[in-house]
$ cat data-v5.cif   # mmCIF, C-alpha atoms and all ligand atoms; chains and numbers go by the auth columns
data_model
loop_
_atom_site.group_PDB
_atom_site.id
_atom_site.type_symbol
_atom_site.label_atom_id
_atom_site.label_comp_id
_atom_site.label_asym_id
_atom_site.label_seq_id
_atom_site.Cartn_x
_atom_site.Cartn_y
_atom_site.Cartn_z
_atom_site.B_iso_or_equiv
_atom_site.auth_seq_id
_atom_site.auth_asym_id
ATOM 1 C CA MET A 1 34.218 38.564 42.098 0.00 1397 A
ATOM 2 C CA ILE A 2 32.904 41.580 43.946 0.00 1398 A
ATOM 3 C CA GLN A 3 31.609 40.859 47.435 0.00 1399 A
ATOM 4 C CA SER A 4 28.246 42.384 48.238 0.00 1400 A
ATOM 5 C CA ASN A 5 26.878 42.954 51.703 0.00 1401 A
ATOM 6 C CA ILE A 6 23.335 43.439 50.481 0.00 1402 A
ATOM 7 C CA PRO A 7 21.214 40.443 51.488 0.00 1403 A
ATOM 8 C CA ARG A 8 19.613 38.773 48.473 0.00 1404 A
ATOM 9 C CA SER A 9 15.876 38.452 48.807 0.00 1405 A
ATOM 10 C CA GLY A 10 13.899 35.772 46.985 0.00 1406 A
ATOM 11 C CA VAL A 11 12.617 38.469 44.644 0.00 1407 A
ATOM 12 C CA ALA A 12 16.138 39.607 43.846 0.00 1408 A
ATOM 13 C CA ILE A 13 17.245 36.031 43.164 0.00 1409 A
ATOM 14 C CA ALA A 14 14.162 35.427 40.974 0.00 1410 A
ATOM 15 C CA ALA A 15 14.985 38.619 39.062 0.00 1411 A
ATOM 16 C CA MET A 16 18.558 37.399 38.575 0.00 1412 A
ATOM 17 C CA LEU A 17 17.360 34.045 37.298 0.00 1413 A
ATOM 18 C CA CYS A 18 14.981 35.793 34.905 0.00 1414 A
ATOM 19 C CA GLY A 19 17.887 37.847 33.671 0.00 1415 A
ATOM 20 C CA VAL A 20 19.883 34.681 33.032 0.00 1416 A
ATOM 21 C CA LEU A 21 16.981 33.049 31.191 0.00 1417 A
ATOM 22 C CA LEU A 22 16.449 36.218 29.166 0.00 1418 A
ATOM 23 C CA ALA A 23 20.132 36.294 28.295 0.00 1419 A
ATOM 24 C CA VAL A 24 19.950 32.654 27.106 0.00 1420 A
ATOM 25 C CA SER A 25 16.832 33.216 25.009 0.00 1421 A
ATOM 26 C CA GLN A 26 18.374 36.343 23.492 0.00 1422 A
ATOM 27 C CA ALA A 27 21.634 34.622 22.572 0.00 1423 A
ATOM 28 C CA PRO A 28 22.790 35.858 19.181 0.00 1424 A
ATOM 29 C CA PRO A 29 21.874 33.591 16.266 0.00 1425 A
ATOM 30 C CA ALA A 30 24.550 31.461 14.591 0.00 1426 A
ATOM 31 C CA ARG A 31 26.816 33.470 12.311 0.00 1427 A
ATOM 32 C CA GLY A 32 25.410 32.062 9.124 0.00 1428 A
ATOM 33 C CA ALA A 33 23.110 29.568 7.544 0.00 1429 A
ATOM 34 C CA THR A 34 23.410 25.925 6.560 0.00 1430 A
ATOM 35 C CA ILE A 35 23.800 24.451 3.093 0.00 1431 A
ATOM 36 C CA ALA A 36 22.254 20.985 3.296 0.00 1432 A
ATOM 37 C CA ALA A 37 23.703 18.982 0.430 0.00 1433 A
ATOM 38 C CA HIS A 38 23.007 15.472 -0.741 0.00 1434 A
ATOM 39 C CA VAL A 39 24.933 13.336 -3.237 0.00 1435 A
ATOM 40 C CA ARG A 40 23.580 10.273 -4.995 0.00 1436 A
ATOM 41 C CA SER A 41 24.564 8.090 -7.890 0.00 1437 A
ATOM 42 C CA PRO A 42 22.628 8.086 -11.195 0.00 1438 A
ATOM 43 C CA ALA A 43 20.877 4.949 -9.847 0.00 1439 A
ATOM 44 C CA GLY A 44 19.908 6.777 -6.658 0.00 1440 A
ATOM 45 C CA ALA A 45 22.406 5.248 -4.200 0.00 1441 A
ATOM 46 C CA ALA A 46 23.850 7.434 -1.462 0.00 1442 A
ATOM 47 C CA ILE A 47 27.446 8.520 -2.135 0.00 1443 A
ATOM 48 C CA ALA A 48 29.667 8.766 0.945 0.00 1444 A
ATOM 49 C CA ASP A 49 33.068 10.488 1.132 0.00 1445 A
ATOM 50 C CA ALA A 50 32.183 13.226 -1.349 0.00 1446 A
ATOM 51 C CA VAL A 51 33.515 16.661 -0.494 0.00 1447 A
ATOM 52 C CA ILE A 52 31.082 19.545 -0.976 0.00 1448 A
ATOM 53 C CA TYR A 53 32.478 23.046 -0.862 0.00 1449 A
ATOM 54 C CA ALA A 54 31.057 26.511 -1.389 0.00 1450 A
ATOM 55 C CA LEU A 55 33.220 29.159 -3.047 0.00 1451 A
ATOM 56 C CA PRO A 56 31.952 32.715 -2.449 0.00 1452 A
ATOM 57 C CA ALA A 57 30.970 34.468 -5.705 0.00 1453 A
ATOM 58 C CA ALA A 58 32.295 37.768 -4.361 0.00 1454 A
ATOM 59 C CA SER A 59 35.402 38.187 -2.312 0.00 1455 A
ATOM 60 C CA LEU A 60 34.447 37.902 1.327 0.00 1456 A
ATOM 61 C CA PRO A 61 36.697 38.273 4.334 0.00 1457 A
ATOM 62 C CA LEU A 62 37.041 34.541 5.052 0.00 1458 A
ATOM 63 C CA PRO A 63 38.009 33.157 8.441 0.00 1459 A
ATOM 64 C CA LYS A 64 41.482 31.627 8.387 0.00 1460 A
ATOM 65 C CA PRO A 65 42.072 28.011 9.416 0.00 1461 A
ATOM 66 C CA THR A 66 43.351 27.728 12.954 0.00 1462 A
ATOM 67 C CA LEU A 67 43.033 24.058 13.887 0.00 1463 A
ATOM 68 C CA LYS A 68 45.627 21.434 13.055 0.00 1464 A
ATOM 69 C CA ILE A 69 43.854 18.590 11.321 0.00 1465 A
ATOM 70 C CA PRO A 70 45.034 14.994 11.840 0.00 1466 A
ATOM 71 C CA ILE A 71 45.155 12.040 9.498 0.00 1467 A
ATOM 72 C CA GLU A 72 45.915 9.050 11.707 0.00 1468 A
ATOM 73 C CA GLN A 73 47.384 5.725 10.797 0.00 1469 A
ATOM 74 C CA ILE A 74 45.349 3.000 12.479 0.00 1470 A
ATOM 75 C CA ASP A 75 45.630 -0.729 11.756 0.00 1471 A
ATOM 76 C CA ARG A 76 47.733 0.077 8.689 0.00 1472 A
ATOM 77 C CA GLU A 77 45.190 2.436 7.120 0.00 1473 A
ATOM 78 C CA PHE A 78 44.916 6.199 6.862 0.00 1474 A
ATOM 79 C CA VAL A 79 41.987 7.497 8.871 0.00 1475 A
ATOM 80 C CA PRO A 80 40.073 9.218 7.460 0.00 1476 A
ATOM 81 C CA TYR A 81 40.248 8.035 3.874 0.00 1477 A
ATOM 82 C CA VAL A 82 38.996 11.427 2.609 0.00 1478 A
ATOM 83 C CA SER A 83 39.607 14.793 4.253 0.00 1479 A
ATOM 84 C CA ALA A 84 38.743 18.325 3.244 0.00 1480 A
ATOM 85 C CA VAL A 85 40.661 21.293 4.591 0.00 1481 A
ATOM 86 C CA GLN A 86 40.867 24.995 3.873 0.00 1482 A
ATOM 87 C CA THR A 87 43.966 26.244 2.073 0.00 1483 A
ATOM 88 C CA GLY A 88 46.465 27.266 4.733 0.00 1484 A
ATOM 89 C CA THR A 89 45.666 24.369 7.069 0.00 1485 A
ATOM 90 C CA THR A 90 48.423 22.527 8.894 0.00 1486 A
ATOM 91 C CA MET A 91 47.973 18.769 8.974 0.00 1487 A
ATOM 92 C CA VAL A 92 49.532 16.259 11.345 0.00 1488 A
ATOM 93 C CA PHE A 93 50.003 12.519 10.826 0.00 1489 A
ATOM 94 C CA PRO A 94 50.022 10.612 14.118 0.00 1490 A
ATOM 95 C CA ASN A 95 50.947 6.952 13.785 0.00 1491 A
ATOM 96 C CA ARG A 96 48.823 4.868 16.209 0.00 1492 A
ATOM 97 C CA ASP A 97 50.332 1.550 15.073 0.00 1493 A
ATOM 98 C CA PRO A 98 53.141 -0.427 16.709 0.00 1494 A
ATOM 99 C CA ILE A 99 54.927 -0.420 13.329 0.00 1495 A
ATOM 100 C CA ARG A 100 56.456 2.445 11.399 0.00 1496 A
ATOM 101 C CA HIS A 101 54.906 4.258 8.432 0.00 1497 A
ATOM 102 C CA HIS A 102 56.393 6.524 5.768 0.00 1498 A
ATOM 103 C CA VAL A 103 53.885 9.083 4.512 0.00 1499 A
ATOM 104 C CA TYR A 104 54.375 10.721 1.126 0.00 1500 A
ATOM 105 C CA SER A 105 52.623 12.685 -1.618 0.00 1501 A
ATOM 106 C CA PHE A 106 53.690 13.376 -5.188 0.00 1502 A
ATOM 107 C CA SER A 107 50.648 15.611 -5.819 0.00 1503 A
ATOM 108 C CA ARG A 108 51.156 19.012 -7.374 0.00 1504 A
ATOM 109 C CA ALA A 109 49.128 20.752 -4.646 0.00 1505 A
ATOM 110 C CA LYS A 110 51.548 19.399 -2.029 0.00 1506 A
ATOM 111 C CA THR A 111 54.612 17.225 -2.465 0.00 1507 A
ATOM 112 C CA PHE A 112 56.192 15.960 0.732 0.00 1508 A
ATOM 113 C CA GLU A 113 57.390 12.945 2.602 0.00 1509 A
ATOM 114 C CA ILE A 114 57.744 12.070 6.260 0.00 1510 A
ATOM 115 C CA LYS A 115 60.249 9.268 6.439 0.00 1511 A
ATOM 116 C CA LEU A 116 59.724 6.138 8.559 0.00 1512 A
ATOM 117 C CA TYR A 117 58.448 7.102 11.990 0.00 1513 A
ATOM 118 C CA SER A 118 56.514 5.881 15.003 0.00 1514 A
ATOM 119 C CA GLY A 119 54.181 7.913 17.171 0.00 1515 A
ATOM 120 C CA ASN A 120 53.795 11.563 16.319 0.00 1516 A
ATOM 121 C CA ALA A 121 55.361 12.478 12.987 0.00 1517 A
ATOM 122 C CA PRO A 122 58.537 14.575 13.221 0.00 1518 A
ATOM 123 C CA SER A 123 57.036 17.239 10.950 0.00 1519 A
ATOM 124 C CA GLU A 124 53.720 18.964 10.370 0.00 1520 A
ATOM 125 C CA ILE A 125 52.704 19.774 6.817 0.00 1521 A
ATOM 126 C CA LEU A 126 51.203 23.080 5.692 0.00 1522 A
ATOM 127 C CA PHE A 127 48.687 22.621 2.871 0.00 1523 A
ATOM 128 C CA ASP A 128 49.131 25.990 1.197 0.00 1524 A
ATOM 129 C CA GLN A 129 47.756 25.342 -2.314 0.00 1525 A
ATOM 130 C CA PRO A 130 44.261 24.303 -3.366 0.00 1526 A
ATOM 131 C CA GLY A 131 43.867 20.964 -5.093 0.00 1527 A
ATOM 132 C CA VAL A 132 43.750 17.258 -4.435 0.00 1528 A
ATOM 133 C CA VAL A 133 46.589 15.691 -2.476 0.00 1529 A
ATOM 134 C CA THR A 134 46.927 11.902 -2.642 0.00 1530 A
ATOM 135 C CA LEU A 135 48.750 10.294 0.271 0.00 1531 A
ATOM 136 C CA GLY A 136 50.495 6.970 0.308 0.00 1532 A
ATOM 137 C CA CYS A 137 52.771 4.979 2.589 0.00 1533 A
ATOM 138 C CA ASN A 138 56.109 3.974 1.165 0.00 1534 A
ATOM 139 C CA ILE A 139 56.026 0.658 3.049 0.00 1535 A
ATOM 140 C CA HIS A 140 52.401 -0.413 2.720 0.00 1536 A
ATOM 141 C CA ASP A 141 51.141 -0.151 -0.850 0.00 1537 A
ATOM 142 C CA TRP A 142 47.452 -0.457 0.047 0.00 1538 A
ATOM 143 C CA MET A 143 47.454 2.611 2.295 0.00 1539 A
ATOM 144 C CA ILE A 144 45.866 5.567 0.520 0.00 1540 A
ATOM 145 C CA ALA A 145 44.103 8.775 1.539 0.00 1541 A
ATOM 146 C CA TYR A 146 42.930 11.929 -0.173 0.00 1542 A
ATOM 147 C CA VAL A 147 42.896 15.535 0.954 0.00 1543 A
ATOM 148 C CA GLN A 148 40.820 18.048 -0.976 0.00 1544 A
ATOM 149 C CA VAL A 149 42.326 21.480 -0.212 0.00 1545 A
ATOM 150 C CA VAL A 150 39.798 24.235 -0.898 0.00 1546 A
ATOM 151 C CA ASP A 151 39.899 28.047 -0.922 0.00 1547 A
ATOM 152 C CA THR A 152 36.974 28.344 1.458 0.00 1548 A
ATOM 153 C CA PRO A 153 36.127 27.525 5.062 0.00 1549 A
ATOM 154 C CA TYR A 154 32.673 26.298 3.964 0.00 1550 A
ATOM 155 C CA PHE A 155 32.919 22.592 3.183 0.00 1551 A
ATOM 156 C CA ALA A 156 31.739 19.215 4.434 0.00 1552 A
ATOM 157 C CA LYS A 157 32.027 15.545 3.573 0.00 1553 A
ATOM 158 C CA THR A 158 29.049 13.323 2.851 0.00 1554 A
ATOM 159 C CA ASP A 159 28.147 10.634 5.374 0.00 1555 A
ATOM 160 C CA ALA A 160 26.924 7.099 4.640 0.00 1556 A
ATOM 161 C CA GLN A 161 23.498 8.534 3.735 0.00 1557 A
ATOM 162 C CA GLY A 162 25.067 10.895 1.188 0.00 1558 A
ATOM 163 C CA GLY A 163 24.331 13.970 3.277 0.00 1559 A
ATOM 164 C CA ALA A 164 26.618 16.860 4.185 0.00 1560 A
ATOM 165 C CA GLN A 165 25.920 20.027 6.157 0.00 1561 A
ATOM 166 C CA LEU A 166 27.969 23.140 5.463 0.00 1562 A
ATOM 167 C CA VAL A 167 27.383 25.256 8.553 0.00 1563 A
ATOM 168 C CA ASN A 168 27.807 28.916 9.477 0.00 1564 A
ATOM 169 C CA VAL A 169 27.769 30.030 5.844 0.00 1565 A
ATOM 170 C CA PRO A 170 27.179 33.781 5.600 0.00 1566 A
ATOM 171 C CA PRO A 171 24.263 34.757 3.341 0.00 1567 A
ATOM 172 C CA GLY A 172 25.285 35.424 -0.243 0.00 1568 A
ATOM 173 C CA LYS A 173 25.999 33.825 -3.603 0.00 1569 A
ATOM 174 C CA TYR A 174 28.240 30.787 -3.870 0.00 1570 A
ATOM 175 C CA GLU A 175 29.457 28.282 -6.410 0.00 1571 A
ATOM 176 C CA LEU A 176 28.781 24.884 -4.865 0.00 1572 A
ATOM 177 C CA LYS A 177 31.129 22.112 -5.983 0.00 1573 A
ATOM 178 C CA VAL A 178 31.415 18.415 -5.328 0.00 1574 A
ATOM 179 C CA TRP A 179 34.436 16.135 -5.543 0.00 1575 A
ATOM 180 C CA HIS A 180 34.958 12.436 -4.905 0.00 1576 A
ATOM 181 C CA PRO A 181 38.181 10.397 -5.239 0.00 1577 A
ATOM 182 C CA THR A 182 36.687 7.944 -7.747 0.00 1578 A
ATOM 183 C CA GLN A 183 34.309 10.259 -9.596 0.00 1579 A
ATOM 184 C CA LYS A 184 33.720 9.465 -13.279 0.00 1580 A
ATOM 185 C CA GLY A 185 31.165 12.072 -14.287 0.00 1581 A
ATOM 186 C CA GLY A 186 28.321 14.314 -13.292 0.00 1582 A
ATOM 187 C CA GLY A 187 28.427 16.618 -10.307 0.00 1583 A
ATOM 188 C CA GLU A 188 28.473 19.875 -12.253 0.00 1584 A
ATOM 189 C CA PRO A 189 28.957 22.957 -10.050 0.00 1585 A
ATOM 190 C CA GLN A 190 25.825 24.782 -8.988 0.00 1586 A
ATOM 191 C CA ALA A 191 25.193 28.446 -8.266 0.00 1587 A
ATOM 192 C CA VAL A 192 23.374 28.766 -4.960 0.00 1588 A
ATOM 193 C CA VAL A 193 22.058 31.738 -3.042 0.00 1589 A
ATOM 194 C CA VAL A 194 22.284 31.285 0.703 0.00 1590 A
ATOM 195 C CA GLY A 195 19.597 33.122 2.617 0.00 1591 A
ATOM 196 C CA GLN A 196 18.966 33.362 6.363 0.00 1592 A
ATOM 197 C CA ALA A 197 17.051 30.080 6.230 0.00 1593 A
ATOM 198 C CA GLY A 198 19.860 28.255 4.434 0.00 1594 A
ATOM 199 C CA VAL A 199 19.515 26.298 1.240 0.00 1595 A
ATOM 200 C CA ALA A 200 19.381 22.690 0.062 0.00 1596 A
ATOM 201 C CA ALA A 201 21.248 21.282 -2.923 0.00 1597 A
ATOM 202 C CA SER A 202 21.601 17.857 -4.439 0.00 1598 A
ATOM 203 C CA PHE A 203 24.149 16.395 -6.799 0.00 1599 A
ATOM 204 C CA VAL A 204 24.112 13.326 -9.013 0.00 1600 A
ATOM 205 C CA LEU A 205 27.608 11.918 -9.248 0.00 1601 A
ATOM 206 C CA ASP A 206 28.840 8.834 -11.050 0.00 1602 A
ATOM 207 C CA VAL A 207 31.612 7.183 -9.037 0.00 1603 A
ATOM 208 C CA ALA A 208 33.607 4.006 -9.550 0.00 1604 A
ATOM 209 C CA PRO A 209 33.822 1.474 -6.711 0.00 1605 A
ATOM 210 C CA ARG A 210 36.863 1.884 -4.493 0.00 1606 A
ATOM 211 C CA LYS A 211 39.570 -0.571 -5.535 0.00 1607 A
ATOM 212 C CA ARG A 212 41.621 -1.808 -2.614 0.00 1608 A
ATOM 213 C CA ARG A 213 45.025 -3.358 -2.943 0.00 1609 A
ATOM 214 C CA TYR A 214 45.768 -6.544 -1.042 0.00 1610 A
ATOM 215 C CA LYS A 215 46.370 -5.917 2.664 0.00 1611 A
ATOM 216 C CA PRO A 216 48.108 -8.890 4.320 0.00 1612 A
ATOM 217 C CA PRO A 217 46.819 -10.105 7.673 0.00 1613 A
ATOM 218 C CA LEU A 218 48.950 -9.015 10.611 0.00 1614 A
ATOM 219 C CA ASP A 219 50.611 -12.426 11.105 0.00 1615 A
ATOM 220 C CA LYS A 220 51.772 -12.388 7.470 0.00 1616 A
ATOM 221 C CA MET A 221 53.467 -9.022 7.875 0.00 1617 A
ATOM 222 C CA HIS A 222 57.224 -8.919 7.765 0.00 1618 A
ATOM 223 C CA TYR A 223 57.573 -5.268 8.767 0.00 1619 A
HETATM 224 CU CU CU B . 52.550 2.242 6.293 0.00 1 B
#

$ encode --input "data-v5.cif" --output "structure tokens" --more "lines below"
Ligand SMILES: [Cu+2]
Amino acid sequence: MIQSNIPRSGVAIAAMLCGVLLAVSQAPPARGATIAAHVRSPAGAAIADAVIYALPAASLPLPKPTLKIPIEQIDREFVPYVSAVQTGTTMVFPNRDPIRHHVYSFSRAKTFEIKLYSGNAPSEILFDQPGVVTLGCNIHDWMIAYVQVVDTPYFAKTDAQGGAQLVNVPPGKYELKVWHPTQKGGGEPQAVVVGQAGVAASFVLDVAPRKRRYKPPLDKMHY
């Protein structure tokens, strides 16, 4: 910080404040627009945990993934149940339980296992191929999670109201796709043109109810 010997008058301070306000109001706009997507069933019910992703029609210089994305194990479940990540993302699998877990995948997009561990997993996993990766725990049959690995940084997952916001999408043409772990039909890809004002899209997707395997209460656990 440069010291100044010039006394600051009220006018000078007011001018400085104006400059600050001007700088705030002239902040550059967000880098892109928003794709507001909505997914519902043929009967009109909101579909949660659907992954929406936008693949650029032309090759764009896409930002690379930089964050490590966690899937935790909490109360003998994977959290979250559904994740979406960009191809090239490193994922970590912290175990928050007082018992050990053994995370594995036989999926073609990523086959791996992290043998029985507590706390932070001894290895991180690079998801370097697009596709669906199904995770299980070798000890607890009911534990399941899905990772949709996509060749784009523009994706989002629907909330309980079936809505998903893909943010900071540069203007241009995209193929908009939807995926859900228990999808049965519908959800055909859509061509969308993203303008400065963004775009809205809706999908109708037929999904089966999630089937859960029996999860014993804690006092019935032997491991
Ligand atoms: Cu487990």

$ closest_residue --input "data-v5.cif" --among "A:Ala1480, A:Ile1467, A:Ala1450, A:Met1487" --to "Tyr1550 (chain A)" --atoms "only C-alpha atoms"
A:Ala1450

$ atom_distance --input "data-v5.cif" --atom1 "CA of Asp1615 (chain A)" --atom2 "CA of Lys1511 (chain A)"
24.2 Å

$ axis_aligned_box --input "data-v5.cif" --around "region 1599-1605 of chain A" --padding-each-side "8 Å" --output "lines of an AutoDock Vina configuration file"
center_x = 29.0
center_y = 8.9
center_z = -8.9
size_x = 25.7
size_y = 30.9
size_z = 20.3

$ closest_residue --input "data-v5.cif" --among "A:Met1539, A:Val1475, A:Val1529, A:Val1603" --to "ligand CU 1 (chain B)" --atoms "only C-alpha atoms and all ligand atoms"
A:Met1539

$ atom_distance --input "data-v5.cif" --atom1 "CA of Val1499 (chain A)" --atom2 "CA of Val1543 (chain A)"
13.2 Å

$ residues_around --input "data-v5.cif" --residues "Gly1532 (chain A)" --least-positions-apart "2" --cutoff "9 Å" --atoms "all atoms listed in the file" --output "list in words"
Phe1474, His1498, Val1499, Tyr1500, Ser1501, Thr1530, Asn1534, Ile1535, His1536, Asp1537, Trp1538, Met1539, Ile1540 and Ala1541 of chain A

$ residues_around --input "data-v5.cif" --residues "Ile1521 (chain A)" --least-positions-apart "2" --cutoff "9 Å" --atoms "only C-alpha atoms" --output "number ranges by chain"
A: 1485-1489, 1506, 1508, 1519, 1523

$ resolve_selection --input "data-v5.cif" --expression "the PyMOL selection byres (((chain A and resi 1565-1572) around 10) and not hetatm)" --output "MDAnalysis selection string"
chainID A and resid 1426:1431 1433 1448:1454 1456 1458 1549:1551 1562:1564 1573:1574 1583:1595 1597 1599

$ atom_distance --input "data-v5.cif" --atom1 "CA of Arg1504 (chain A)" --atom2 "CA of Arg1472 (chain A)"
25.1 Å

$ closest_residue --input "data-v5.cif" --among "A:Arg1608, A:Arg1492, A:His1434, A:Lys1464" --to "ligand CU 1 (chain B)" --atoms "only C-alpha atoms and all ligand atoms"
A:Arg1492

$ closest_residue --input "data-v5.cif" --among "A:Thr1507, A:Gln1544, A:Gln1561, A:Asn1491" --to "ligand CU 1 (chain B)" --atoms "only C-alpha atoms and all ligand atoms"
A:Asn1491

$ closest_residue --input "data-v5.cif" --among "A:Thr1578, A:Phe1502, A:Asp1547, A:Leu1522" --to "Thr1483 (chain A)" --atoms "all atoms listed in the file"
A:Asp1547

$ build_atoms --input "data-v5.cif" --residues "region 1476-1500 of chain A" --atoms "N, CA and C atoms" --output "short mmCIF file (atom, residue, chain, number, x, y, z; two decimals), keeping the file's coordinate frame"
data_model
loop_
_atom_site.label_atom_id
_atom_site.label_comp_id
_atom_site.auth_asym_id
_atom_site.auth_seq_id
_atom_site.Cartn_x
_atom_site.Cartn_y
_atom_site.Cartn_z
N PRO A 1476 41.05 9.72 8.42
CA PRO A 1476 40.07 9.22 7.46
C PRO A 1476 40.66 9.01 6.06
N TYR A 1477 39.89 8.29 5.27
CA TYR A 1477 40.25 8.04 3.87
C TYR A 1477 40.16 9.32 3.04
N VAL A 1478 39.16 10.14 3.31
CA VAL A 1478 39.00 11.43 2.61
C VAL A 1478 38.92 12.55 3.65
N SER A 1479 39.69 13.60 3.42
CA SER A 1479 39.61 14.79 4.25
C SER A 1479 39.39 16.00 3.35
N ALA A 1480 38.79 17.02 3.91
CA ALA A 1480 38.74 18.32 3.24
C ALA A 1480 39.29 19.34 4.23
N VAL A 1481 40.12 20.23 3.74
CA VAL A 1481 40.66 21.29 4.59
C VAL A 1481 40.72 22.59 3.79
N GLN A 1482 40.72 23.69 4.52
CA GLN A 1482 40.87 25.00 3.87
C GLN A 1482 42.34 25.22 3.55
N THR A 1483 42.60 25.87 2.42
CA THR A 1483 43.97 26.24 2.07
C THR A 1483 44.59 27.02 3.24
N GLY A 1484 45.81 26.63 3.60
CA GLY A 1484 46.46 27.27 4.73
C GLY A 1484 46.37 26.44 6.01
N THR A 1485 45.80 25.24 5.89
CA THR A 1485 45.67 24.37 7.07
C THR A 1485 46.94 23.55 7.27
N THR A 1486 47.32 23.42 8.53
CA THR A 1486 48.42 22.53 8.89
C THR A 1486 47.84 21.17 9.25
N MET A 1487 48.43 20.12 8.67
CA MET A 1487 47.97 18.77 8.97
C MET A 1487 49.07 18.00 9.70
N VAL A 1488 48.61 17.09 10.58
CA VAL A 1488 49.53 16.26 11.34
C VAL A 1488 49.18 14.80 11.09
N PHE A 1489 50.17 13.91 11.25
CA PHE A 1489 50.00 12.52 10.83
C PHE A 1489 50.41 11.54 11.93
N PRO A 1490 49.64 11.51 13.02
CA PRO A 1490 50.02 10.61 14.12
C PRO A 1490 49.89 9.14 13.74
N ASN A 1491 50.92 8.39 14.06
CA ASN A 1491 50.95 6.95 13.78
C ASN A 1491 50.52 6.21 15.05
N ARG A 1492 49.36 5.59 15.04
CA ARG A 1492 48.82 4.87 16.21
C ARG A 1492 49.22 3.39 16.20
N ASP A 1493 49.98 2.97 15.21
CA ASP A 1493 50.33 1.55 15.07
C ASP A 1493 51.65 1.25 15.78
N PRO A 1494 51.86 -0.03 16.11
CA PRO A 1494 53.14 -0.43 16.71
C PRO A 1494 54.23 -0.64 15.66
N ILE A 1495 53.93 -0.33 14.40
CA ILE A 1495 54.93 -0.42 13.33
C ILE A 1495 55.10 0.97 12.73
N ARG A 1496 56.18 1.12 11.96
CA ARG A 1496 56.46 2.44 11.40
C ARG A 1496 55.74 2.64 10.05
N HIS A 1497 55.46 3.89 9.75
CA HIS A 1497 54.91 4.26 8.43
C HIS A 1497 55.77 5.36 7.83
N HIS A 1498 55.59 5.56 6.52
CA HIS A 1498 56.39 6.52 5.77
C HIS A 1498 55.43 7.23 4.81
N VAL A 1499 54.96 8.39 5.23
CA VAL A 1499 53.88 9.08 4.51
C VAL A 1499 54.48 9.95 3.40
N TYR A 1500 53.86 9.89 2.22
CA TYR A 1500 54.38 10.72 1.13
C TYR A 1500 53.24 11.18 0.22
#
